[in-house]
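Visitor: Next comes coords00.txt, compact mmCIF, C-alpha atoms:
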# COMPACT_ATOMS: atom_id res chain seq x y z
CA MET R 182 -0.48 1.26 6.29
CA SER R 183 -0.54 3.02 9.64
CA ILE R 184 0.41 6.67 9.66
CA THR R 185 0.79 9.46 12.17
CA ALA R 186 -1.65 12.24 11.45
CA VAL R 187 -0.48 15.64 10.34
CA ASN R 188 -2.17 17.93 12.82
CA VAL R 189 -4.07 16.65 15.81
CA ARG R 190 -5.95 19.95 16.07
CA ASN R 191 -8.01 19.34 12.98
CA GLN R 192 -8.96 15.75 13.80
CA PHE R 193 -12.46 15.06 14.99
CA ARG R 194 -13.22 11.68 16.51
CA GLY R 195 -16.81 10.68 16.15
CA THR R 196 -19.30 8.01 15.17
CA VAL R 197 -20.72 7.42 11.71
CA VAL R 198 -24.48 8.02 11.84
CA GLU R 199 -25.35 7.78 8.15
CA VAL R 200 -23.81 6.76 4.83
CA ILE R 201 -25.53 7.86 1.61
CA GLU R 202 -23.90 5.77 -1.08
CA GLY R 203 -23.62 7.00 -4.65
CA PRO R 204 -22.03 5.35 -7.69
CA VAL R 205 -18.81 7.39 -7.38
CA VAL R 206 -18.87 9.38 -4.15
CA SER R 207 -20.72 8.91 -0.88
CA GLU R 208 -21.76 11.19 1.93
CA VAL R 209 -20.59 10.10 5.36
CA ASP R 210 -22.14 11.88 8.33
CA VAL R 211 -20.23 11.78 11.59
CA ARG R 212 -21.58 12.80 14.99
CA LEU R 213 -19.05 14.27 17.40
CA PRO R 214 -19.28 13.77 21.18
CA SER R 215 -20.48 17.40 21.39
CA GLY R 216 -23.50 16.46 19.25
CA GLN R 217 -22.30 18.40 16.19
CA LEU R 218 -22.50 16.68 12.82
CA ILE R 219 -19.72 16.73 10.22
CA THR R 220 -20.56 15.84 6.64
CA SER R 221 -17.84 14.33 4.47
CA VAL R 222 -17.89 13.44 0.79
CA ILE R 223 -15.39 10.72 -0.14
CA THR R 224 -15.18 8.11 -2.86
CA THR R 225 -17.51 5.15 -2.55
CA ARG R 226 -14.38 3.08 -3.10
CA SER R 227 -12.99 4.43 0.20
CA VAL R 228 -16.29 3.83 1.98
CA LYS R 229 -16.00 0.18 1.00
CA ASP R 230 -12.26 -0.11 1.67
CA LEU R 231 -12.76 1.30 5.18
CA ALA R 232 -16.02 -0.61 5.68
CA LEU R 233 -17.77 2.53 6.84
CA ALA R 234 -21.25 2.06 8.26
CA PRO R 235 -23.40 3.57 11.01
CA GLY R 236 -21.88 2.95 14.44
CA ARG R 237 -18.30 2.88 13.18
CA GLU R 238 -15.83 5.07 15.09
CA VAL R 239 -13.84 7.27 12.76
CA VAL R 240 -11.72 10.39 12.60
CA ALA R 241 -12.77 13.27 10.35
CA LEU R 242 -9.73 15.23 9.21
CA VAL R 243 -9.43 18.66 7.63
CA LYS R 244 -6.34 20.45 6.32
CA SER R 245 -5.85 23.90 7.91
CA THR R 246 -5.76 25.61 4.52
CA GLU R 247 -9.30 24.30 3.87
CA VAL R 248 -10.85 25.93 6.92
CA SER R 249 -12.54 29.30 6.31
CA ILE R 250 -13.36 31.80 9.03
CA ALA R 251 -16.46 33.98 9.09
CA THR R 252 -17.84 36.36 11.65
CA LEU R 253 -21.40 36.51 12.90
CA MET K 33 -22.58 41.45 2.58
CA SER K 34 -24.57 39.07 4.73
CA ILE K 35 -25.05 35.56 3.39
CA THR K 36 -26.77 32.36 4.45
CA ALA K 37 -24.26 29.62 4.95
CA VAL K 38 -24.17 26.58 2.69
CA ASN K 39 -24.33 23.73 5.16
CA VAL K 40 -24.92 24.25 8.83
CA ARG K 41 -23.41 20.83 9.58
CA ASN K 42 -19.89 21.87 8.81
CA GLN K 43 -19.97 25.14 10.72
CA PHE K 44 -18.16 25.33 14.01
CA ARG K 45 -18.83 28.28 16.28
CA GLY K 46 -15.96 29.06 18.59
CA THR K 47 -13.62 31.68 20.00
CA VAL K 48 -10.35 32.82 18.49
CA VAL K 49 -7.55 31.95 20.92
CA GLU K 50 -4.50 32.83 18.85
CA VAL K 51 -3.57 34.58 15.61
CA ILE K 52 -0.11 34.03 14.15
CA GLU K 53 0.26 36.71 11.52
CA GLY K 54 2.50 36.26 8.51
CA PRO K 55 3.15 38.58 5.57
CA VAL K 56 0.66 36.78 3.30
CA VAL K 57 -1.25 34.18 5.29
CA SER K 58 -2.02 33.87 8.98
CA GLU K 59 -2.91 31.01 11.28
CA VAL K 60 -6.11 31.47 13.25
CA ASP K 61 -6.74 29.05 16.09
CA VAL K 62 -10.32 28.64 17.23
CA ARG K 63 -11.45 26.88 20.39
CA LEU K 64 -14.82 25.15 20.24
CA PRO K 65 -17.16 24.87 23.23
CA SER K 66 -16.10 21.21 23.47
CA GLY K 67 -12.51 22.34 24.05
CA GLN K 68 -11.27 21.11 20.66
CA LEU K 69 -9.04 23.44 18.64
CA ILE K 70 -9.44 24.09 14.92
CA THR K 71 -6.54 25.62 13.02
CA SER K 72 -7.29 27.73 9.96
CA VAL K 73 -4.91 29.31 7.48
CA ILE K 74 -6.39 32.33 5.70
CA THR K 75 -4.98 35.45 4.07
CA THR K 76 -3.63 38.10 6.40
CA ARG K 77 -5.79 40.47 4.39
CA SER K 78 -8.88 38.60 5.61
CA VAL K 79 -7.61 38.59 9.19
CA LYS K 80 -7.46 42.38 9.02
CA ASP K 81 -10.74 42.80 7.13
CA LEU K 82 -12.53 40.69 9.73
CA ALA K 83 -10.55 42.24 12.62
CA LEU K 84 -9.77 38.79 13.98
CA ALA K 85 -8.10 38.72 17.38
CA PRO K 86 -8.16 36.52 20.50
CA GLY K 87 -11.57 36.58 22.13
CA ARG K 88 -13.47 37.17 18.90
CA GLU K 89 -16.41 34.84 18.26
CA VAL K 90 -16.23 33.28 14.82
CA VAL K 91 -17.50 30.42 12.71
CA ALA K 92 -15.03 27.97 11.17
CA LEU K 93 -16.44 26.51 7.96
CA VAL K 94 -15.38 23.49 5.93
CA LYS K 95 -16.73 22.22 2.62
CA SER K 96 -17.88 18.58 2.77
CA THR K 97 -15.61 17.58 -0.09
CA GLU K 98 -12.60 18.73 1.99
CA VAL K 99 -13.31 16.41 4.91
CA SER K 100 -11.38 13.13 4.90
CA ILE K 101 -12.36 10.08 6.92
CA ALA K 102 -9.88 7.71 8.57
CA THR K 103 -10.32 4.77 10.89
CA LEU K 104 -8.39 4.13 14.08
CA MET Q 132 -2.59 9.04 17.39
CA SER Q 133 -2.08 6.33 14.78
CA ILE Q 134 -4.66 6.16 12.01
CA THR Q 135 -5.38 4.05 8.96
CA ALA Q 136 -5.20 6.13 5.83
CA VAL Q 137 -8.27 6.82 3.74
CA ASN Q 138 -7.13 5.79 0.30
CA VAL Q 139 -3.84 4.05 -0.35
CA ARG Q 140 -3.93 5.10 -3.99
CA ASN Q 141 -3.27 8.72 -3.26
CA GLN Q 142 -0.42 8.18 -0.84
CA PHE Q 143 3.09 8.85 -2.02
CA ARG Q 144 5.97 7.60 0.09
CA GLY Q 145 9.11 9.63 -0.37
CA THR Q 146 11.96 11.49 1.27
CA VAL Q 147 11.96 15.12 2.33
CA VAL Q 148 14.62 16.96 0.30
CA GLU Q 149 13.95 20.54 1.35
CA VAL Q 150 11.97 22.52 3.90
CA ILE Q 151 11.46 26.26 3.34
CA GLU Q 152 10.19 27.56 6.65
CA GLY Q 153 7.95 30.62 6.87
CA PRO Q 154 6.36 32.26 9.90
CA VAL Q 155 2.99 30.57 9.31
CA VAL Q 156 3.30 28.00 6.53
CA SER Q 157 6.27 26.08 5.15
CA GLU Q 158 7.01 24.39 1.86
CA VAL Q 159 8.02 20.75 2.15
CA ASP Q 160 9.50 19.14 -0.96
CA VAL Q 161 9.35 15.37 -1.16
CA ARG Q 162 11.24 13.23 -3.67
CA LEU Q 163 9.50 10.01 -4.72
CA PRO Q 164 11.42 6.83 -5.60
CA SER Q 165 10.61 7.61 -9.27
CA GLY Q 166 12.54 10.86 -8.95
CA GLN Q 167 9.46 13.07 -9.17
CA LEU Q 168 9.12 15.91 -6.68
CA ILE Q 169 5.94 16.76 -4.80
CA THR Q 170 5.62 20.18 -3.20
CA SER Q 171 3.43 20.53 -0.12
CA VAL Q 172 2.47 23.64 1.82
CA ILE Q 173 1.54 22.93 5.45
CA THR Q 174 1.60 24.92 8.67
CA THR Q 175 5.01 25.56 10.19
CA ARG Q 176 3.45 24.25 13.38
CA SER Q 177 2.97 20.86 11.70
CA VAL Q 178 6.52 20.93 10.32
CA LYS Q 179 7.77 21.27 13.90
CA ASP Q 180 5.29 18.80 15.41
CA LEU Q 181 6.35 16.17 12.88
CA ALA Q 182 10.03 17.20 13.06
CA LEU Q 183 10.24 17.36 9.29
CA ALA Q 184 13.72 17.86 7.87
CA PRO Q 185 15.69 16.71 4.81
CA GLY Q 186 16.18 12.96 4.84
CA ARG Q 187 12.98 12.22 6.73
CA GLU Q 188 10.75 9.54 5.20
CA VAL Q 189 7.18 10.74 4.85
CA VAL Q 190 3.92 10.10 3.05
CA ALA Q 191 2.39 12.82 0.89
CA LEU Q 192 -1.38 12.46 0.78
CA VAL Q 193 -3.95 13.97 -1.52
CA LYS Q 194 -7.76 13.71 -1.41
CA SER Q 195 -9.24 12.42 -4.69
CA THR Q 196 -11.51 15.45 -5.01
CA GLU Q 197 -8.37 17.67 -5.09
CA VAL Q 198 -6.81 15.96 -8.10
CA SER Q 199 -7.45 17.65 -11.46
CA ILE Q 200 -7.01 15.98 -14.83
CA ALA Q 201 -5.70 17.68 -17.94
CA THR Q 202 -4.81 16.39 -21.37
CA LEU Q 203 -1.63 17.15 -23.31
CA MET Y 116 -7.32 27.05 -24.65
CA SER Y 117 -3.74 25.99 -24.09
CA ILE Y 118 -2.15 27.04 -20.81
CA THR Y 119 1.21 26.72 -19.10
CA ALA Y 120 0.89 24.79 -15.91
CA VAL Y 121 1.42 26.40 -12.52
CA ASN Y 122 3.96 24.08 -10.95
CA VAL Y 123 5.59 21.26 -12.83
CA ARG Y 124 6.47 19.52 -9.56
CA ASN Y 125 2.92 18.52 -8.82
CA GLN Y 126 2.10 17.23 -12.28
CA PHE Y 127 1.92 13.49 -12.79
CA ARG Y 128 1.85 12.15 -16.31
CA GLY Y 129 0.15 8.81 -16.61
CA THR Y 130 -2.40 6.66 -18.38
CA VAL Y 131 -6.09 6.41 -17.58
CA VAL Y 132 -6.84 2.85 -16.50
CA GLU Y 133 -10.45 3.18 -15.39
CA VAL Y 134 -13.32 5.64 -15.48
CA ILE Y 135 -16.29 5.11 -13.16
CA GLU Y 136 -18.97 7.41 -14.45
CA GLY Y 137 -21.65 8.88 -12.21
CA PRO Y 138 -24.49 11.28 -13.01
CA VAL Y 139 -22.55 14.31 -11.68
CA VAL Y 140 -18.99 13.31 -10.86
CA SER Y 141 -16.78 10.50 -12.11
CA GLU Y 142 -13.75 8.70 -10.73
CA VAL Y 143 -10.75 8.67 -13.04
CA ASP Y 144 -7.91 6.33 -12.12
CA VAL Y 145 -4.50 7.10 -13.57
CA ARG Y 146 -1.50 4.78 -13.52
CA LEU Y 147 1.90 6.46 -13.32
CA PRO Y 148 5.01 5.02 -14.99
CA SER Y 149 6.15 3.95 -11.48
CA GLY Y 150 3.05 1.76 -11.21
CA GLN Y 151 1.39 3.92 -8.58
CA LEU Y 152 -2.30 4.76 -9.05
CA ILE Y 153 -3.81 8.21 -8.56
CA THR Y 154 -7.55 8.54 -8.10
CA SER Y 155 -9.25 11.73 -9.22
CA VAL Y 156 -12.86 12.83 -8.85
CA ILE Y 157 -13.94 15.38 -11.45
CA THR Y 158 -17.25 16.35 -13.03
CA THR Y 159 -18.69 13.92 -15.53
CA ARG Y 160 -19.02 16.96 -17.77
CA SER Y 161 -15.21 17.28 -17.79
CA VAL Y 162 -14.77 13.56 -18.44
CA LYS Y 163 -16.87 13.99 -21.58
CA ASP Y 164 -15.30 17.30 -22.63
CA LEU Y 165 -11.83 15.78 -22.38
CA ALA Y 166 -13.00 12.44 -23.85
CA LEU Y 167 -11.34 10.54 -21.01
CA ALA Y 168 -11.23 6.77 -21.40
CA PRO Y 169 -8.85 3.93 -20.55
CA GLY Y 170 -5.61 4.25 -22.48
CA ARG Y 171 -5.73 8.03 -22.70
CA GLU Y 172 -2.53 9.85 -21.65
CA VAL Y 173 -3.25 12.58 -19.12
CA VAL Y 174 -1.67 14.75 -16.47
CA ALA Y 175 -2.94 14.61 -12.90
CA LEU Y 176 -2.40 17.94 -11.16
CA VAL Y 177 -2.49 18.86 -7.49
CA LYS Y 178 -2.13 22.28 -5.87
CA SER Y 179 0.64 22.40 -3.23
CA THR Y 180 -1.74 23.64 -0.55
CA GLU Y 181 -3.79 20.44 -1.03
CA VAL Y 182 -0.93 18.06 -0.26
CA SER Y 183 -0.76 16.80 3.33
CA ILE Y 184 2.32 15.27 4.91
CA ALA Y 185 2.26 12.39 7.39
CA THR Y 186 5.00 10.36 8.99
CA LEU Y 187 5.12 6.59 9.26
CA MET D 209 4.70 21.86 -20.67
CA SER D 210 1.56 23.04 -22.43
CA ILE D 211 -1.69 21.48 -21.30
CA THR D 212 -5.35 21.69 -22.17
CA ALA D 213 -7.35 22.97 -19.26
CA VAL D 214 -9.84 20.77 -17.45
CA ASN D 215 -12.95 22.90 -17.48
CA VAL D 216 -13.19 26.15 -19.35
CA ARG D 217 -16.10 27.24 -17.18
CA ASN D 218 -13.98 27.79 -14.12
CA GLN D 219 -11.19 29.68 -15.85
CA PHE D 220 -11.01 33.43 -15.37
CA ARG D 221 -8.76 35.43 -17.66
CA GLY D 222 -7.52 38.63 -16.11
CA THR D 223 -4.60 40.88 -15.33
CA VAL D 224 -2.35 40.69 -12.28
CA VAL D 225 -2.76 43.91 -10.29
CA GLU D 226 -0.74 43.09 -7.20
CA VAL D 227 1.67 40.47 -5.88
CA ILE D 228 2.35 40.33 -2.14
CA GLU D 229 5.39 38.12 -1.82
CA GLY D 230 6.05 36.08 1.30
CA PRO D 231 8.88 33.66 2.09
CA VAL D 232 6.79 30.57 1.21
CA VAL D 233 3.49 31.66 -0.32
CA SER D 234 2.43 34.82 -2.11
CA GLU D 235 -0.88 36.52 -2.73
CA VAL D 236 -1.64 37.22 -6.38
CA ASP D 237 -4.55 39.56 -7.08
CA VAL D 238 -6.13 39.34 -10.51
CA ARG D 239 -8.59 41.82 -11.97
CA LEU D 240 -11.17 40.41 -14.38
CA PRO D 241 -12.54 42.37 -17.34
CA SER D 242 -15.76 42.80 -15.30
CA GLY D 243 -13.76 44.66 -12.67
CA GLN D 244 -14.04 41.91 -10.08
CA LEU D 245 -10.90 40.91 -8.17
CA ILE D 246 -9.83 37.32 -7.53
CA THR D 247 -7.28 36.63 -4.80
CA SER D 248 -5.04 33.60 -5.15
CA VAL D 249 -2.49 32.18 -2.74
CA ILE D 250 0.22 30.12 -4.45
CA THR D 251 3.82 29.25 -3.64
CA THR D 252 6.36 32.01 -4.05
CA ARG D 253 8.30 29.46 -6.09
CA SER D 254 5.46 29.42 -8.64
CA VAL D 255 5.27 33.22 -8.66
CA LYS D 256 8.94 33.25 -9.68
CA ASP D 257 8.68 30.33 -12.12
CA LEU D 258 5.78 32.04 -13.90
CA ALA D 259 7.38 35.51 -13.56
CA LEU D 260 4.14 36.92 -12.19
CA ALA D 261 4.03 40.69 -11.79
CA PRO D 262 1.47 43.48 -12.15
CA GLY D 263 0.30 43.81 -15.75
CA ARG D 264 0.82 40.13 -16.57
CA GLU D 265 -2.14 38.38 -18.24
CA VAL D 266 -3.05 35.18 -16.47
CA VAL D 267 -5.80 32.63 -15.99
CA ALA D 268 -7.18 31.98 -12.51
CA LEU D 269 -8.50 28.42 -12.25
CA VAL D 270 -10.74 26.79 -9.69
CA LYS D 271 -11.83 23.16 -9.40
CA SER D 272 -15.64 22.74 -9.31
CA THR D 273 -15.49 20.83 -6.03
CA GLU D 274 -13.87 23.89 -4.40
CA VAL D 275 -16.70 26.26 -5.24
CA SER D 276 -19.27 26.81 -2.48
CA ILE D 277 -22.73 28.24 -3.02
CA ALA D 278 -24.53 30.55 -0.62
CA THR D 279 -27.80 32.43 -0.83
CA LEU D 280 -28.32 36.07 0.02
CA MET X 121 -27.63 31.53 10.54
CA SER X 122 -26.50 34.73 8.84
CA ILE X 123 -22.76 35.24 8.53
CA THR X 124 -20.39 37.85 7.17
CA ALA X 125 -18.36 36.45 4.34
CA VAL X 126 -14.60 35.95 4.69
CA ASN X 127 -13.29 37.73 1.61
CA VAL X 128 -15.50 39.76 -0.67
CA ARG X 129 -12.93 39.46 -3.47
CA ASN X 130 -13.65 35.82 -4.09
CA GLN X 131 -17.41 36.09 -4.06
CA PHE X 132 -19.27 35.92 -7.35
CA ARG X 133 -22.90 36.94 -7.44
CA GLY X 134 -24.83 35.30 -10.20
CA THR X 135 -27.90 33.37 -11.24
CA VAL X 136 -28.34 29.60 -11.19
CA VAL X 137 -28.86 28.40 -14.76
CA GLU X 138 -28.79 24.64 -14.27
CA VAL X 139 -28.80 22.05 -11.49
CA ILE X 140 -27.78 18.48 -12.30
CA GLU X 141 -28.88 16.45 -9.32
CA GLY X 142 -27.12 13.26 -8.29
CA PRO X 143 -27.78 10.91 -5.37
CA VAL X 144 -24.96 12.45 -3.26
CA VAL X 145 -23.58 15.52 -4.99
CA SER X 146 -25.05 17.90 -7.54
CA GLU X 147 -23.61 20.26 -10.12
CA VAL X 148 -24.81 23.83 -9.85
CA ASP X 149 -24.04 26.13 -12.77
CA VAL X 150 -24.07 29.85 -12.10
CA ARG X 151 -24.00 32.58 -14.73
CA LEU X 152 -22.25 35.81 -13.73
CA PRO X 153 -23.36 39.25 -15.01
CA SER X 154 -20.30 39.14 -17.31
CA GLY X 155 -21.72 36.03 -18.98
CA GLN X 156 -19.09 33.69 -17.55
CA LEU X 157 -20.26 30.38 -16.08
CA ILE X 158 -19.02 28.96 -12.78
CA THR X 159 -19.56 25.27 -12.07
CA SER X 160 -19.91 24.15 -8.48
CA VAL X 161 -20.20 20.66 -7.04
CA ILE X 162 -21.91 20.56 -3.64
CA THR X 163 -23.92 18.00 -1.72
CA THR X 164 -27.42 17.33 -2.96
CA ARG X 165 -28.44 17.85 0.66
CA SER X 166 -27.24 21.47 0.40
CA VAL X 167 -29.02 21.94 -2.93
CA LYS X 168 -32.25 20.98 -1.19
CA ASP X 169 -31.57 22.93 2.01
CA LEU X 170 -30.90 26.08 -0.02
CA ALA X 171 -33.73 25.33 -2.48
CA LEU X 172 -31.40 25.91 -5.41
CA ALA X 173 -33.05 25.97 -8.83
CA PRO X 174 -32.65 27.84 -12.12
CA GLY X 175 -33.31 31.55 -11.68
CA ARG X 176 -32.19 31.65 -8.07
CA GLU X 177 -29.70 34.41 -7.19
CA VAL X 178 -26.70 33.03 -5.36
CA VAL X 179 -23.11 33.76 -4.42
CA ALA X 180 -20.35 31.40 -5.54
CA LEU X 181 -17.46 31.50 -3.08
CA VAL X 182 -13.89 30.28 -3.40
CA LYS X 183 -11.10 30.24 -0.79
CA SER X 184 -7.95 32.04 -1.97
CA THR X 185 -5.78 28.98 -1.35
CA GLU X 186 -7.94 27.04 -3.86
CA VAL X 187 -7.30 29.41 -6.75
CA SER X 188 -4.49 28.39 -9.12
CA ILE X 189 -2.76 30.72 -11.54
CA ALA X 190 -1.60 29.76 -15.03
CA THR X 191 -0.11 31.77 -17.86
CA LEU X 192 -1.19 31.63 -21.48
Give the structure from the file, written as structure tokens.

Guide:
Amino acid sequence: MSITAVNVRNQFRGTVVEVIEGPVVSEVDVRLPSGQLITSVITTRSVKDLALAPGREVVALVKSTEVSIATL
Amino acid sequence: MSITAVNVRNQFRGTVVEVIEGPVVSEVDVRLPSGQLITSVITTRSVKDLALAPGREVVALVKSTEVSIATL
Amino acid sequence: MSITAVNVRNQFRGTVVEVIEGPVVSEVDVRLPSGQLITSVITTRSVKDLALAPGREVVALVKSTEVSIATL
Amino acid sequence: MSITAVNVRNQFRGTVVEVIEGPVVSEVDVRLPSGQLITSVITTRSVKDLALAPGREVVALVKSTEVSIATL
Amino acid sequence: MSITAVNVRNQFRGTVVEVIEGPVVSEVDVRLPSGQLITSVITTRSVKDLALAPGREVVALVKSTEVSIATL
Amino acid sequence: MSITAVNVRNQFRGTVVEVIEGPVVSEVDVRLPSGQLITSVITTRSVKDLALAPGREVVALVKSTEVSIATL
């Protein structure tokens, strides 16, 4: 199913650089064009359904209510 | 209190560009050096405690389990 | 941007039945074909960007790590 | 301890159809009366405390702020 | 509906000390027996459904995957 | 990087009493001075980066929007 994403501001296009697969959940590390890494933990079922592997172009998405703000 | 952040990978340093204040929660929009915007929704109480306003340098943080992955 | 959703299992197609708009976030109530209601709280910015209003067909999505399980 | 749930709208009664147990977290798949599946990831400790297994009737709960909305 | 809670470890019994009501979401502040305050943001609809007000005894619940850990 | 925390109300100082390590995520159990236990699930990568182990003093943090309220 193709859907239109909720909020383009919190979408980060990048490239999968590593997948650490566990029995239930997996860590997917995505490198953004700026060089920053985003770490995501999703079900291993989704990793397989989406055929995620290093080199794959993906979008990392975050809901606004999940973003915290801290000061330096 | 000063703390050491959990996971440097999911920290995004940037500059507050807009604060939309509501009675309970506020939207804080942060521009990253790459130009990308991150939208955060936090309590208005925190906005005041942290004195957030346009121009302020902040860190937007996201827990790995909150990051979804989609393909294009 | 059109994306392929992460996990079809946690997608609920339904119809918007009510939108309660606030200055920062809004409540969007979605009725599923089974009659069940799902309540979502998203930014009012997203409500406007997606032109959400009663009668609109949408998909409510939830990340697996956000779903709790209780027994009766 | 018996508690009254926060918001009946985001409660989904269903039957556990599969439990994939990991060392720390487990995937619990719940089938709703409408046929739809909900996937939950909770601690394996909770799976054992609640004695979750296929056939068990449960309630899947989601907080409103965790529900995203997308359009088709 | 009465349900059995998922994980007794992340349940905090306390007393509501303040409710800041907004049009969509409200802040509910709960004081624990230890004196510590927990701030919760839930829908104003839930605040009304549960008749939350200062003095009310409640349980604040958090899913394990939502708890971050930092060092000092 | 040292940061100032978002909301002191939802910070719980305590001592790590157990770490259950998995291949991707780990459970970290923290005992508060009041005796209450908080269970956290974070990436095993973070457990190693922060050198978490029993006896370590930590802060468990929760975002206000992740806290649910129930009545007894």

Visitor: With a cut-off of 8 Å, could you pull out the residues of chain X touching chain D and give me the nearest pair of atoms for each, distance in Å to one decimal, using only C-alpha atoms, ordered by chain and ascending number, as a Markdown table?

Guide:
| residue | atom | partner | partner_atom | distance |
| --- | --- | --- | --- | --- |
| X:Arg129 | CA | D:Leu245 | CA | 5.3 |
| X:Asn130 | CA | D:Ile246 | CA | 5.4 |
| X:Ser154 | CA | D:Ser242 | CA | 6.2 |
| X:Gln156 | CA | D:Arg217 | CA | 7.1 |
| X:Leu157 | CA | D:Arg217 | CA | 5.3 |
| X:Ile158 | CA | D:Asn218 | CA | 5.3 |
| X:Thr159 | CA | D:Ser272 | CA | 5.4 |
| X:Ser160 | CA | D:Ser272 | CA | 4.6 |
| X:Val161 | CA | D:Thr273 | CA | 4.8 |
| X:Ile162 | CA | D:Thr273 | CA | 6.9 |
| X:Leu170 | CA | D:Thr279 | CA | 7.1 |
| X:Glu177 | CA | D:Thr279 | CA | 6.9 |
| X:Val178 | CA | D:Thr279 | CA | 4.7 |
| X:Val179 | CA | D:Ala278 | CA | 5.2 |
| X:Ala180 | CA | D:Ile277 | CA | 4.7 |
| X:Leu181 | CA | D:Ser276 | CA | 5.1 |
| X:Val182 | CA | D:Val275 | CA | 5.2 |
| X:Lys183 | CA | D:Glu274 | CA | 7.8 |
| X:Ser184 | CA | D:Ser248 | CA | 4.6 |
| X:Thr185 | CA | D:Val249 | CA | 4.8 |
| X:Glu186 | CA | D:Val270 | CA | 6.5 |
| X:Val187 | CA | D:Ser248 | CA | 5.0 |
| X:Ser188 | CA | D:Leu269 | CA | 5.1 |
| X:Ile189 | CA | D:Ala268 | CA | 4.7 |
| X:Ala190 | CA | D:Val267 | CA | 5.2 |
| X:Thr191 | CA | D:Val266 | CA | 4.7 |
| X:Leu192 | CA | D:Val266 | CA | 6.4 |

Visitor: Taking all atoms of segment 247-251 of chain R that the file lists, what box with edges along x, y and z, padded by 6 Å per side, do you get, with centre and edge lengths in Å to one decimal, as lines of an AutoDock Vina configuration file?

Guide:
center_x = -12.9
center_y = 29.1
center_z = 6.5
size_x = 19.2
size_y = 21.7
size_z = 17.2

Visitor: Can you work out the spacing between atom CA of Asp230 of chain R and atom CA of Ser207 of chain R in Å, to one decimal?

Guide: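 Result for atom CA of Asp230 of chain R versus atom CA of Ser207 of chain R: 12.6 Å, one decimal.
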
Visitor: Between atom CA of Ile151 of chain Q and atom CA of Thr175 of chain Q, measure the distance and give it in Å to one decimal.

Guide: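 Spanning atom CA of Ile151 of chain Q to atom CA of Thr175 of chain Q is a straight-line distance of 9.4 Å.
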
Visitor: As a compact mmCIF listing (two decimals) with C-alpha atoms, in the coordinates of the input, please: chain Q after a least-squares superposition onto chain R using all C-alpha atoms matched in order.

Guide:
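selection_36.txt written:
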# COMPACT_ATOMS: atom_id res chain seq x y z
CA MET Q 132 -0.51 1.26 6.28
CA SER Q 133 -0.57 3.00 9.66
CA ILE Q 134 0.40 6.66 9.68
CA THR Q 135 0.81 9.45 12.20
CA ALA Q 136 -1.62 12.24 11.50
CA VAL Q 137 -0.43 15.65 10.37
CA ASN Q 138 -2.15 17.93 12.82
CA VAL Q 139 -4.06 16.67 15.83
CA ARG Q 140 -5.96 19.94 16.07
CA ASN Q 141 -8.00 19.32 12.98
CA GLN Q 142 -8.96 15.76 13.79
CA PHE Q 143 -12.46 15.06 14.99
CA ARG Q 144 -13.21 11.69 16.52
CA GLY Q 145 -16.82 10.69 16.17
CA THR Q 146 -19.30 8.02 15.17
CA VAL Q 147 -20.71 7.44 11.70
CA VAL Q 148 -24.48 8.02 11.83
CA GLU Q 149 -25.35 7.78 8.15
CA VAL Q 150 -23.82 6.77 4.84
CA ILE Q 151 -25.53 7.85 1.61
CA GLU Q 152 -23.90 5.77 -1.09
CA GLY Q 153 -23.63 6.99 -4.67
CA PRO Q 154 -22.04 5.34 -7.69
CA VAL Q 155 -18.83 7.38 -7.38
CA VAL Q 156 -18.88 9.38 -4.15
CA SER Q 157 -20.74 8.89 -0.88
CA GLU Q 158 -21.76 11.19 1.93
CA VAL Q 159 -20.59 10.10 5.36
CA ASP Q 160 -22.14 11.88 8.34
CA VAL Q 161 -20.21 11.78 11.59
CA ARG Q 162 -21.58 12.78 14.99
CA LEU Q 163 -19.04 14.27 17.41
CA PRO Q 164 -19.26 13.76 21.18
CA SER Q 165 -20.48 17.39 21.38
CA GLY Q 166 -23.47 16.45 19.25
CA GLN Q 167 -22.31 18.39 16.20
CA LEU Q 168 -22.49 16.68 12.82
CA ILE Q 169 -19.73 16.75 10.22
CA THR Q 170 -20.57 15.85 6.64
CA SER Q 171 -17.85 14.34 4.47
CA VAL Q 172 -17.91 13.44 0.79
CA ILE Q 173 -15.40 10.73 -0.14
CA THR Q 174 -15.17 8.11 -2.87
CA THR Q 175 -17.51 5.15 -2.57
CA ARG Q 176 -14.39 3.07 -3.09
CA SER Q 177 -12.98 4.44 0.17
CA VAL Q 178 -16.29 3.85 1.97
CA LYS Q 179 -16.01 0.18 1.01
CA ASP Q 180 -12.26 -0.10 1.66
CA LEU Q 181 -12.75 1.30 5.16
CA ALA Q 182 -16.02 -0.61 5.67
CA LEU Q 183 -17.76 2.53 6.84
CA ALA Q 184 -21.25 2.05 8.25
CA PRO Q 185 -23.39 3.58 11.01
CA GLY Q 186 -21.87 2.96 14.42
CA ARG Q 187 -18.29 2.88 13.17
CA GLU Q 188 -15.83 5.07 15.09
CA VAL Q 189 -13.83 7.28 12.76
CA VAL Q 190 -11.72 10.41 12.60
CA ALA Q 191 -12.77 13.28 10.36
CA LEU Q 192 -9.74 15.24 9.21
CA VAL Q 193 -9.43 18.65 7.64
CA LYS Q 194 -6.33 20.45 6.32
CA SER Q 195 -5.84 23.89 7.90
CA THR Q 196 -5.75 25.59 4.51
CA GLU Q 197 -9.31 24.28 3.87
CA VAL Q 198 -10.84 25.93 6.93
CA SER Q 199 -12.53 29.29 6.31
CA ILE Q 200 -13.36 31.81 9.02
CA ALA Q 201 -16.46 33.98 9.08
CA THR Q 202 -17.85 36.36 11.65
CA LEU Q 203 -21.44 36.50 12.89
